[in-house]
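For reference, target_2.cif (mmCIF, C-alpha atoms and all ligand atoms):
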data_start
#
loop_
_atom_site.label_atom_id
_atom_site.label_comp_id
_atom_site.auth_asym_id
_atom_site.auth_seq_id
_atom_site.Cartn_x
_atom_site.Cartn_y
_atom_site.Cartn_z
CA MET D 1 -15.03 -14.13 7.96
CA ALA D 2 -14.82 -15.35 4.38
CA LYS D 3 -11.75 -14.32 2.45
CA THR D 4 -12.54 -11.43 0.15
CA TYR D 5 -9.72 -12.00 -2.30
CA ASP D 6 -8.20 -14.69 -4.49
CA TYR D 7 -4.53 -13.88 -4.03
CA LEU D 8 -2.48 -11.99 -1.49
CA LEU D 9 0.94 -10.94 -2.76
CA LYS D 10 3.66 -9.40 -0.62
CA LEU D 11 5.95 -7.08 -2.54
CA LEU D 12 9.05 -5.14 -1.51
CA LEU D 13 10.85 -2.06 -2.77
CA ILE D 14 14.65 -2.41 -2.69
CA GLY D 15 17.48 -0.16 -3.84
CA ASP D 16 19.95 2.47 -2.70
CA SER D 17 18.91 5.29 -0.46
CA GLY D 18 17.50 8.25 -2.42
CA VAL D 19 16.43 6.41 -5.58
CA GLY D 20 12.75 7.09 -4.85
CA LYS D 21 11.40 3.96 -3.17
CA THR D 22 9.38 5.88 -0.62
CA SER D 23 8.12 8.25 -3.30
CA ILE D 24 6.91 5.30 -5.36
CA LEU D 25 4.85 4.12 -2.40
CA PHE D 26 4.02 7.56 -1.06
CA ARG D 27 2.26 9.39 -3.81
CA PHE D 28 4.06 12.55 -4.83
CA SER D 29 1.19 14.79 -3.86
CA GLU D 30 1.55 18.51 -3.87
CA ASP D 31 -1.58 18.65 -1.71
CA ALA D 32 -0.55 20.13 1.55
CA PHE D 33 -2.79 18.25 3.95
CA ASN D 34 -0.36 15.76 5.28
CA ILE D 35 3.08 17.02 4.38
CA SER D 36 3.51 18.10 7.98
CA PHE D 37 2.12 15.04 9.68
CA ILE D 38 1.95 11.81 7.67
CA SER D 39 5.18 12.37 5.78
CA THR D 40 7.13 12.92 8.98
CA ILE D 41 5.93 9.58 10.32
CA GLY D 42 6.50 7.73 7.06
CA ILE D 43 4.68 4.86 5.43
CA ASP D 44 5.16 1.25 6.43
CA PHE D 45 3.19 -0.43 3.67
CA LYS D 46 0.13 -0.15 1.47
CA ILE D 47 -2.59 -2.57 0.56
CA ARG D 48 -3.94 -2.29 -2.98
CA THR D 49 -6.66 -4.37 -4.50
CA ILE D 50 -6.42 -4.96 -8.22
CA ASP D 51 -8.24 -7.06 -10.75
CA LEU D 52 -5.96 -9.43 -12.61
CA ASP D 53 -7.72 -11.40 -15.31
CA GLY D 54 -10.88 -11.73 -13.27
CA LYS D 55 -9.14 -12.52 -9.99
CA LYS D 56 -9.20 -10.21 -7.03
CA VAL D 57 -5.59 -9.70 -6.02
CA LYS D 58 -4.46 -7.89 -2.88
CA LEU D 59 -1.00 -6.41 -3.01
CA GLN D 60 0.76 -5.64 0.22
CA ILE D 61 3.63 -3.34 -0.74
CA TRP D 62 6.44 -2.64 1.75
CA ASP D 63 9.01 0.12 1.84
CA THR D 64 12.26 -0.11 3.78
CA ALA D 65 12.42 2.12 6.83
CA GLY D 66 15.79 3.41 5.67
CA GLN D 67 17.69 0.21 6.52
CA GLU D 68 19.17 0.28 3.01
CA ARG D 69 21.44 3.12 4.13
CA PHE D 70 23.23 0.75 6.46
CA ARG D 71 23.02 -2.28 4.18
CA THR D 72 21.29 -4.16 6.95
CA ILE D 73 18.56 -5.65 4.83
CA THR D 74 18.51 -9.25 5.88
CA THR D 75 16.41 -12.38 5.80
CA ALA D 76 13.83 -10.97 8.21
CA TYR D 77 12.88 -8.18 5.84
CA TYR D 78 12.57 -10.49 2.87
CA ARG D 79 10.54 -13.13 4.70
CA GLY D 80 7.31 -14.01 2.97
CA SER D 81 7.90 -11.68 0.04
CA MET D 82 6.91 -12.96 -3.37
CA GLY D 83 8.02 -10.03 -5.49
CA ILE D 84 10.74 -7.41 -5.34
CA MET D 85 11.01 -4.10 -7.17
CA LEU D 86 14.69 -3.29 -7.64
CA VAL D 87 14.88 0.48 -7.94
CA TYR D 88 17.71 2.66 -9.19
CA ASP D 89 17.85 6.36 -10.06
CA VAL D 90 18.57 7.14 -13.74
CA THR D 91 20.41 10.29 -12.59
CA ASN D 92 22.70 8.31 -10.29
CA GLU D 93 25.22 5.94 -11.86
CA LYS D 94 26.20 4.40 -8.52
CA SER D 95 22.62 3.38 -7.74
CA PHE D 96 22.51 1.57 -11.10
CA GLU D 97 25.78 -0.26 -10.48
CA ASN D 98 24.50 -1.29 -7.08
CA ILE D 99 21.54 -3.14 -8.57
CA LYS D 100 23.89 -6.09 -9.02
CA ASN D 101 24.74 -5.98 -5.33
CA TRP D 102 21.09 -5.85 -4.43
CA ILE D 103 20.41 -8.87 -6.62
CA ARG D 104 23.18 -10.70 -4.79
CA ASN D 105 21.67 -9.63 -1.46
CA ILE D 106 18.30 -10.99 -2.58
CA GLU D 107 19.85 -14.27 -3.69
CA GLU D 108 21.47 -14.61 -0.27
CA ASN D 109 18.47 -13.62 1.80
CA ALA D 110 15.19 -14.02 -0.03
CA SER D 111 13.39 -17.13 -1.16
CA ALA D 112 14.93 -18.54 -4.34
CA ASP D 113 11.84 -18.18 -6.50
CA VAL D 114 11.01 -14.57 -5.62
CA GLU D 115 9.89 -12.65 -8.72
CA LYS D 116 11.91 -9.52 -9.55
CA MET D 117 11.56 -6.41 -11.67
CA ILE D 118 13.99 -3.52 -12.25
CA LEU D 119 12.77 0.08 -12.16
CA GLY D 120 14.83 2.99 -13.51
CA ASN D 121 13.18 5.78 -11.55
CA LYS D 122 13.25 9.59 -12.02
CA CYS D 123 12.99 9.30 -15.80
CA ASP D 124 11.36 12.75 -15.76
CA LEU D 125 14.83 14.24 -15.04
CA ASP D 126 16.16 13.78 -18.55
CA SER D 127 18.70 16.60 -18.36
CA LYS D 128 20.42 15.01 -15.36
CA ARG D 129 20.36 11.48 -16.71
CA GLN D 130 23.49 9.35 -16.17
CA VAL D 131 22.08 5.94 -17.09
CA SER D 132 20.57 5.44 -20.52
CA LYS D 133 17.42 3.39 -20.98
CA GLU D 134 19.43 0.97 -23.14
CA ARG D 135 21.79 0.18 -20.28
CA GLY D 136 18.82 -0.53 -18.05
CA GLU D 137 17.38 -2.86 -20.66
CA GLN D 138 20.76 -4.57 -21.09
CA LEU D 139 21.05 -5.25 -17.36
CA ALA D 140 17.53 -6.66 -17.32
CA ILE D 141 18.35 -8.99 -20.20
CA GLU D 142 21.50 -10.11 -18.43
CA TYR D 143 19.52 -11.14 -15.35
CA GLN D 144 16.36 -12.12 -17.25
CA ILE D 145 14.30 -9.70 -15.23
CA LYS D 146 11.63 -7.34 -16.56
CA PHE D 147 12.47 -3.65 -16.71
CA VAL D 148 10.69 -0.33 -16.99
CA GLU D 149 11.62 3.30 -16.46
CA THR D 150 9.37 5.11 -14.00
CA SER D 151 8.73 8.52 -12.55
CA ALA D 152 7.25 8.59 -9.09
CA LYS D 153 6.93 12.33 -9.58
CA ASP D 154 4.72 12.07 -12.65
CA SER D 155 3.13 8.73 -11.63
CA LEU D 156 4.56 7.33 -14.85
CA ASN D 157 4.63 3.54 -15.20
CA VAL D 158 4.46 2.96 -11.46
CA GLU D 159 1.09 1.26 -11.61
CA TYR D 160 2.12 -0.60 -14.73
CA ALA D 161 5.17 -1.97 -12.92
CA PHE D 162 3.18 -3.31 -9.97
CA PHE D 163 0.59 -4.78 -12.28
CA THR D 164 3.27 -6.55 -14.32
CA LEU D 165 5.07 -7.95 -11.29
CA ALA D 166 1.78 -9.12 -9.76
CA ARG D 167 0.73 -10.82 -12.98
CA ASP D 168 4.04 -12.67 -13.22
CA ILE D 169 3.78 -13.89 -9.63
CA LYS D 170 0.21 -15.01 -10.14
CA ALA D 171 1.16 -16.90 -13.30
CA LYS D 172 3.99 -18.61 -11.44
CA MET D 173 1.69 -19.59 -8.59
CA GLU D 174 -0.90 -20.96 -10.96
CA LYS D 175 1.72 -22.96 -12.80
CA LYS D 176 3.00 -24.44 -9.57
CA GLN D 177 -0.50 -25.27 -8.53
CA GLU D 178 -1.29 -27.05 -11.75
CA ALA D 179 1.89 -29.06 -11.44
CA SER D 180 1.11 -30.16 -7.91
CA ASN D 181 -2.63 -30.51 -8.27
CA PRO D 182 -4.58 -30.95 -11.50
CA THR D 183 -7.79 -29.43 -10.11
CA PRO D 184 -7.50 -25.69 -9.75
CA ARG D 185 -9.16 -23.91 -6.82
CA SER D 186 -7.87 -26.41 -4.29
CA GLY D 187 -4.30 -25.19 -4.05
CA ALA D 188 -2.95 -23.72 -0.86
CA HIS D 189 -2.59 -20.22 -2.24
CA GLN D 190 -5.89 -19.97 -4.00
CA LEU D 191 -8.56 -18.66 -1.75
CA ARG D 192 -12.27 -18.49 -2.15
CA ALA D 193 -13.29 -16.28 -5.00
CA ASN D 194 -15.29 -13.24 -4.19
CA GLU D 195 -18.10 -12.89 -6.65
CA GLN D 196 -18.70 -9.23 -6.07
CA GLN D 197 -18.08 -6.67 -8.77
CA ARG D 198 -14.46 -6.25 -9.74
CA LYS D 199 -13.90 -2.85 -11.13
CA PRO D 200 -10.35 -1.61 -11.48
CA THR D 201 -9.42 0.86 -8.79
CA SER D 202 -8.75 4.49 -9.47
CA TRP D 203 -5.12 3.67 -8.88
CA LEU D 204 -5.09 1.34 -11.87
CA SER D 205 -7.12 3.45 -14.16
CA ARG D 206 -4.44 6.10 -13.82
CA CYS D 207 -1.97 3.74 -15.43
CA ASN D 208 -1.04 5.03 -18.83
CA LEU D 209 0.29 1.86 -20.35
CA LEU D 210 -2.62 -0.51 -19.82
CA MET A 211 -10.75 2.08 26.22
CA SER A 212 -14.17 0.56 25.72
CA GLU A 213 -16.87 0.92 23.12
CA ILE A 214 -19.37 3.25 24.72
CA GLU A 215 -23.15 3.19 24.60
CA ASN A 216 -24.36 5.75 22.14
CA LYS A 217 -27.44 7.88 22.68
CA ASP A 218 -26.58 10.86 20.58
CA THR A 219 -29.16 11.85 17.97
CA VAL A 220 -26.53 12.73 15.38
CA THR A 221 -25.05 9.29 15.54
CA GLU A 222 -28.54 7.77 15.36
CA GLU A 223 -29.04 9.68 12.15
CA ILE A 224 -25.78 8.31 10.76
CA GLN A 225 -26.69 4.83 11.80
CA LYS A 226 -29.97 5.04 9.92
CA ASP A 227 -28.35 6.20 6.69
CA PHE A 228 -25.08 4.34 6.68
CA VAL A 229 -25.38 1.34 8.96
CA GLU A 230 -27.24 -1.87 8.31
CA ASP A 231 -27.05 -4.92 10.55
CA GLY A 232 -24.33 -3.10 12.46
CA LYS A 233 -22.14 -2.83 9.37
CA ASN A 234 -21.32 -0.26 6.71
CA LYS A 235 -24.27 -0.31 4.35
CA LEU A 236 -22.34 1.52 1.61
CA ILE A 237 -18.90 1.54 0.05
CA VAL A 238 -16.41 3.61 2.05
CA LYS A 239 -14.29 6.00 -0.02
CA CYS A 240 -11.64 8.67 0.41
CA LYS A 241 -13.08 12.16 0.84
CA PHE A 242 -10.42 13.70 -1.35
CA CYS A 243 -9.86 11.35 -4.26
CA GLY A 244 -12.65 8.77 -4.10
CA SER A 245 -10.31 5.80 -3.70
CA LYS A 246 -12.25 2.77 -2.52
CA ILE A 247 -11.28 1.93 1.04
CA LEU A 248 -13.86 -0.65 2.13
CA GLU A 249 -16.33 -2.82 0.29
CA LYS A 250 -19.95 -2.76 1.53
CA LYS A 251 -20.70 -4.62 4.76
CA THR A 252 -17.14 -5.44 5.64
CA ALA A 253 -16.74 -3.30 8.76
CA LYS A 254 -18.62 -3.00 12.04
CA TYR A 255 -19.98 0.34 13.23
CA VAL A 256 -18.70 1.13 16.72
CA THR A 257 -18.65 4.13 19.00
CA GLN A 258 -15.72 4.86 21.24
CA GLU A 259 -13.99 7.97 22.48
CA LYS A 260 -10.70 8.11 20.68
CA GLU A 261 -8.54 11.05 19.69
CA LEU A 262 -7.04 11.30 16.23
CA PRO A 263 -4.46 13.82 14.97
CA LEU A 264 -6.00 16.40 12.64
CA MET A 265 -5.49 15.80 8.93
CA GLN A 266 -4.52 19.40 8.53
CA GLN A 267 -2.11 20.55 11.22
CA ASP A 268 -1.77 24.28 11.82
CA ALA A 269 1.49 25.44 10.28
CA ASN A 270 2.04 27.80 13.23
CA ARG A 271 1.66 25.17 15.93
CA LYS A 272 4.46 24.66 18.44
CA GLU A 273 7.29 22.47 17.28
CA GLY A 274 6.64 18.84 18.01
CA GLU A 275 3.03 19.50 18.92
CA VAL A 276 0.34 17.32 17.35
CA GLN A 277 -3.16 18.78 17.13
CA LYS A 278 -5.88 16.25 17.82
CA GLU A 279 -9.65 15.97 17.96
CA MET A 280 -11.98 13.57 19.71
CA ILE A 281 -13.83 11.19 17.39
CA ILE A 282 -16.66 8.94 18.49
CA GLU A 283 -17.79 7.01 15.44
CA TYR A 284 -15.61 4.41 13.77
CA TYR A 285 -15.78 1.42 11.49
CA HIS A 286 -14.04 -1.51 13.06
CA VAL A 287 -12.12 -3.70 10.59
CA ASP A 288 -10.96 -6.93 12.15
CA HIS A 289 -8.34 -7.84 9.58
CA MET A 290 -6.13 -5.61 7.44
CA TYR A 291 -6.73 -7.61 4.27
CA VAL A 292 -10.40 -6.68 4.43
CA PHE A 293 -9.37 -3.24 3.16
CA GLU A 294 -9.58 -2.63 -0.57
CA ASN A 295 -6.99 0.15 -0.62
CA ILE A 296 -5.24 1.56 2.43
CA GLY A 297 -1.87 2.76 3.68
CA PHE A 298 -0.28 2.14 7.09
CA THR A 299 2.23 4.56 8.61
CA HIS A 300 5.20 3.55 10.70
CA PRO A 301 4.21 2.85 14.30
CA VAL A 302 3.61 5.72 16.71
CA GLU A 303 3.30 4.37 20.26
CA ASN A 304 0.95 1.41 19.85
CA HIS A 305 -0.67 2.59 16.62
CA LYS A 306 -0.10 2.77 12.94
CA TYR A 307 -2.18 5.49 11.34
CA LEU A 308 -4.34 4.67 8.34
CA ILE A 309 -4.10 6.81 5.21
CA CYS A 310 -5.63 6.81 1.75
CA ALA A 311 -3.61 4.51 -0.53
CA ASP A 312 -4.10 6.81 -3.50
CA CYS A 313 -3.62 10.37 -2.24
CA ASP A 314 -2.06 9.69 1.18
CA ALA A 315 -4.64 11.82 2.99
CA GLY A 316 -4.79 10.94 6.63
CA PRO A 317 -4.99 9.89 9.32
CA ILE A 318 -8.39 8.48 8.43
CA GLY A 319 -8.13 6.10 11.36
CA TYR A 320 -5.68 3.86 13.17
CA PHE A 321 -4.45 0.30 13.46
CA ASP A 322 -3.96 -1.04 16.96
CA LEU A 323 -0.68 -2.94 17.22
CA ASP A 324 -1.87 -4.99 20.21
CA SER A 325 -5.22 -6.20 18.86
CA LYS A 326 -4.28 -5.94 15.15
CA HIS A 327 -7.69 -4.36 14.55
CA SER A 328 -8.24 -1.22 12.50
CA TYR A 329 -10.62 1.68 13.12
CA VAL A 330 -11.72 4.09 10.40
CA ALA A 331 -13.28 7.40 11.49
CA LEU A 332 -16.66 7.98 9.82
CA SER A 333 -16.05 11.73 9.81
CA ARG A 334 -12.95 11.28 7.66
CA ILE A 335 -14.40 9.25 4.82
CA VAL A 336 -17.40 9.41 2.49
CA HIS A 337 -20.02 6.78 1.72
CA SER A 338 -21.18 5.90 -1.78
N1 LIG V 401 12.30 14.27 -10.18
C1 LIG V 401 12.02 13.17 -9.45
N2 LIG V 401 12.39 13.12 -8.16
C2 LIG V 401 12.10 12.00 -7.45
C3 LIG V 401 11.43 10.90 -8.04
N3 LIG V 401 11.28 9.94 -7.10
C4 LIG V 401 11.83 10.43 -5.97
N4 LIG V 401 12.33 11.67 -6.17
C5 LIG V 401 13.03 12.51 -5.17
O1 LIG V 401 14.19 11.82 -4.76
C6 LIG V 401 14.43 12.01 -3.38
C7 LIG V 401 14.55 10.67 -2.67
O2 LIG V 401 13.32 10.00 -2.75
P1 LIG V 401 12.87 8.91 -1.68
O3 LIG V 401 11.53 8.43 -2.11
O4 LIG V 401 12.99 9.42 -0.29
O5 LIG V 401 13.98 7.80 -1.90
P2 LIG V 401 14.26 6.45 -1.04
O6 LIG V 401 15.41 6.78 -0.15
O7 LIG V 401 14.61 5.42 -2.04
O8 LIG V 401 13.01 6.12 -0.29
C8 LIG V 401 13.30 12.87 -2.87
O9 LIG V 401 13.75 14.20 -2.81
C9 LIG V 401 12.21 12.72 -3.90
O10 LIG V 401 11.43 13.87 -3.98
C10 LIG V 401 11.05 11.00 -9.43
O11 LIG V 401 10.47 10.10 -10.04
N5 LIG V 401 11.39 12.16 -10.09
MG MG V 402 12.80 5.76 1.77
ZN ZN V 403 -7.50 9.65 -1.35
#
Could you quickly redo this structure as structure tokens?
Amino acid sequence: MAKTYDYLLKLLLIGDSGVGKTSILFRFSEDAFNISFISTIGIDFKIRTIDLDGKKVKLQIWDTAGQERFRTITTAYYRGSMGIMLVYDVTNEKSFENIKNWIRNIEENASADVEKMILGNKCDLDSKRQVSKERGEQLAIEYQIKFVETSAKDSLNVEYAFFTLARDIKAKMEKKQEASNPTPRSGAHQLRANEQQRKPTSWLSRCNLL
Amino acid sequence: MSEIENKDTVTEEIQKDFVEDGKNKLIVKCKFCGSKILEKKTAKYVTQEKELPLMQQDANRKEGEVQKEMIIEYYHVDHMYVFENIGFTHPVENHKYLICADCDAGPIGYFDLDSKHSYVALSRIVHS
């Protein structure tokens, strides 16, 4: 069967236990239908199709199955990933300090050119905040990584974050391709374009920063 | 488990409206939020007897019990990247259950860990 996308990007969510990684992947729905069943099983990954500058991009987004609690995230988990969301909780100082440890873990275990982004999650909990937005920004500047504060609870900036990370990975891939091969469309990563309609998904249209 | 011959009139009706050349004639969407799950003509219509857990489990059921129903009609998706938007649960026996990527409603079908094929229940989606 012909490929129905231009790019396939594997993304991971990394960070301390409790910062909201699963909530970012698992929509914070108050709807009761699956609380009892799906949420007890847990989500492995999601596939999202987005339109990025006229290209059909499939995102495969993985959550950890709680391995972060035991700090056992190793090479196997990172294998094949092109982008990593580093998540901390703005109401938890320790989770912010640990971002540096996670970056070190990524450097030791993931591919060297993996694209990264830092998310300061739970920004809806302003009264409990321990980490200011400025400190988040400062850390991001230090590591030259993009940063945004999110709320999985309010679906704030979550879509924007994935869109931004995906766009940066795509740009990097295109740059690499041009360097290795002057004719586009023949690179290893670029797959046959699908000429069908490319409307943004409902997931994207919910994004409030686009 | 094999794909069974189908002689039911209800399924014939469905085939007429939603199936063309053995595939989904229309876009497949989530019943609850309208999230696009499959593009037109990307999945094969099959019939098989396969139980799926109910989307809405009775709150008063026995602890650990999973309520199921028999479902006959499915769309067979031979590769996971054919999906537009979909979620996969952690494995349960030799399955991962499929859920809506936007509202997490599910199971809308299952992924078979042995064959790597996915099956979406027609009764748990809408066509558009
Ligand atoms: N207020 C608020 N709570 C959140 C947010 N994200 C996650 N939580 C809560 O934080 C707890 C841990 O979230 P979870 O997704 O399991 O974290 P994980 O261990 O990183 O996967 C849960 O009780 C969530 O309901 C958020 O953006 N705002
Ligand atoms: Mg989790
Ligand atoms: Zn849905």
Hey, could you make a per-residue contact list for chain D against ligand LIG 401 (chain V) with 6 Å as the cut-off, showing the nearest pair of atoms and its distance in Å to one decimal, counting all atoms listed in the file, sorted by chain and number, as JSON lines?
{"residue": "D:Ser17", "atom": "CA", "partner": "V:LIG401", "partner_atom": "O6", "distance": 3.8}
{"residue": "D:Gly18", "atom": "CA", "partner": "V:LIG401", "partner_atom": "O6", "distance": 3.4}
{"residue": "D:Val19", "atom": "CA", "partner": "V:LIG401", "partner_atom": "O7", "distance": 4.1}
{"residue": "D:Gly20", "atom": "CA", "partner": "V:LIG401", "partner_atom": "O5", "distance": 3.3}
{"residue": "D:Lys21", "atom": "CA", "partner": "V:LIG401", "partner_atom": "O7", "distance": 3.7}
{"residue": "D:Thr22", "atom": "CA", "partner": "V:LIG401", "partner_atom": "O8", "distance": 3.7}
{"residue": "D:Ser23", "atom": "CA", "partner": "V:LIG401", "partner_atom": "O3", "distance": 3.6}
{"residue": "D:Asn121", "atom": "CA", "partner": "V:LIG401", "partner_atom": "O11", "distance": 5.3}
{"residue": "D:Lys122", "atom": "CA", "partner": "V:LIG401", "partner_atom": "O11", "distance": 3.5}
{"residue": "D:Asp124", "atom": "CA", "partner": "V:LIG401", "partner_atom": "N5", "distance": 5.7}
{"residue": "D:Leu125", "atom": "CA", "partner": "V:LIG401", "partner_atom": "N1", "distance": 5.5}
{"residue": "D:Ser151", "atom": "CA", "partner": "V:LIG401", "partner_atom": "O11", "distance": 3.4}
{"residue": "D:Ala152", "atom": "CA", "partner": "V:LIG401", "partner_atom": "O11", "distance": 3.7}
{"residue": "D:Lys153", "atom": "CA", "partner": "V:LIG401", "partner_atom": "O11", "distance": 4.2}
Return as a PDB file with C-alpha atoms, keeping the file's coordinate frame the residues of protein, DNA or RNA that approach ligand ZN 403 (chain V) to within 9 Å, with all atoms listed in the file taken into account.
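selection-v1.pdb written:
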ATOM      1  CA  LYS A 239     -14.290   6.000  -0.020  1.00  0.00           C
ATOM      2  CA  CYS A 240     -11.640   8.670   0.410  1.00  0.00           C
ATOM      3  CA  LYS A 241     -13.080  12.160   0.840  1.00  0.00           C
ATOM      4  CA  PHE A 242     -10.420  13.700  -1.350  1.00  0.00           C
ATOM      5  CA  CYS A 243      -9.860  11.350  -4.260  1.00  0.00           C
ATOM      6  CA  GLY A 244     -12.650   8.770  -4.100  1.00  0.00           C
ATOM      7  CA  SER A 245     -10.310   5.800  -3.700  1.00  0.00           C
ATOM      8  CA  LYS A 246     -12.250   2.770  -2.520  1.00  0.00           C
ATOM      9  CA  ILE A 247     -11.280   1.930   1.040  1.00  0.00           C
ATOM     10  CA  ILE A 309      -4.100   6.810   5.210  1.00  0.00           C
ATOM     11  CA  CYS A 310      -5.630   6.810   1.750  1.00  0.00           C
ATOM     12  CA  ALA A 311      -3.610   4.510  -0.530  1.00  0.00           C
ATOM     13  CA  ASP A 312      -4.100   6.810  -3.500  1.00  0.00           C
ATOM     14  CA  CYS A 313      -3.620  10.370  -2.240  1.00  0.00           C
ATOM     15  CA  ASP A 314      -2.060   9.690   1.180  1.00  0.00           C
ATOM     16  CA  ALA A 315      -4.640  11.820   2.990  1.00  0.00           C
ATOM     17  CA  GLY A 316      -4.790  10.940   6.630  1.00  0.00           C
TER      18      GLY A 316
END
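When all atoms listed in the file are used to compute distances to chain D, the closest of the residues A:Tyr284, A:Tyr255, A:Phe321, A:Phe228 turns out to be A:Phe321.
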- Proximal residues of chain A relative to chain D (all atoms listed in the file; 6 Å) as an MDAnalysis selection string: chainID A and resid 266 294:300
- Query: So how far away is atom CA of Ala112 of chain D from atom CA of Ile14 of chain D, in Å?
  - Reply: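 The value is 16.2 Å.
Atom CA of Asn157 of chain D sits 14.5 Å away from atom CA of Asp89 of chain D.
Take atom CA of Phe162 of chain D and atom CA of Lys306 of chain A: the distance between them is 23.9 Å.
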Show me, as AutoDock Vina command-line options, the centre and edge lengths in Å to one decimal of the axis-aligned box that covers every listed atom of segment 307-323 of chain A with 3 Å on each side.
--center_x -4.5 --center_y 4.4 --center_z 6.9 --size_x 13.7 --size_y 20.8 --size_z 26.7
- Item | Long-range neighbours of Tyr329 of chain A as a list in words, 6 Å cut-off, all atoms listed in the file, 4 positions minimum in chain |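 With the cut-off at 6 Å, the set is Tyr284, Tyr285, His286, Gly319 and Tyr320 of chain A.
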Output C-alpha atoms for every residue in that selection, as a compact mmCIF listing (two decimals), keeping the file's coordinate frame.
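And here's out_20.txt as it stands now:
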# COMPACT_ATOMS: atom_id res chain seq x y z
CA TYR A 284 -15.61 4.41 13.77
CA TYR A 285 -15.78 1.42 11.49
CA HIS A 286 -14.04 -1.51 13.06
CA GLY A 319 -8.13 6.10 11.36
CA TYR A 320 -5.68 3.86 13.17
- Task: Name all residues at most 10 Å from Ser325 of chain A (count all atoms listed in the file; drop same-chain ones fewer than 5 positions away) and give them as a list in words.
- Result: Asp288, His289 and Asn304 of chain A
- Please identify all polymer residues within 7 Å of segment 137-149 of chain D, counting all atoms listed in the file, omitting same-chain residues fewer than 6 positions from it, and present them as a PyMOL selection string. chain D and resi 116-121+123
- Task: Would you mind listing what lies within 9 Å of segment 279-283 of chain A as a list of chain:residue names, with all atoms listed in the file counted and same-chain residues fewer than 4 positions away left out?
- Result: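 Residues near the query, excluding close chain neighbours: A:Ile214, A:Thr221, A:Tyr255, A:Val256, A:Thr257, A:Gln258, A:Glu259, A:Lys260, A:Glu261, A:Leu262, A:Pro263, A:Leu264, A:Val330, A:Ala331, A:Leu332, A:Ser333.
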- Message: as a ChimeraX atom specification, please: the residues near Leu248 of chain A (cut-off 6 Å, all atoms listed in the file, same-chain neighbours under 3 positions excluded).
- Response: /A:237-238,293-294
- Message: Calculated over all atoms listed in the file, which of the candidates D:Asp168, D:Glu159, D:Asp16, D:Glu134 has the smallest distance to ligand MG 402 (chain V)?
- Response: D:Asp16
- Nearest-residue call for Ala76 of chain D, choices D:Met173, D:Ala161, D:Ile103, D:Ala110, using all atoms listed in the file: D:Ala110
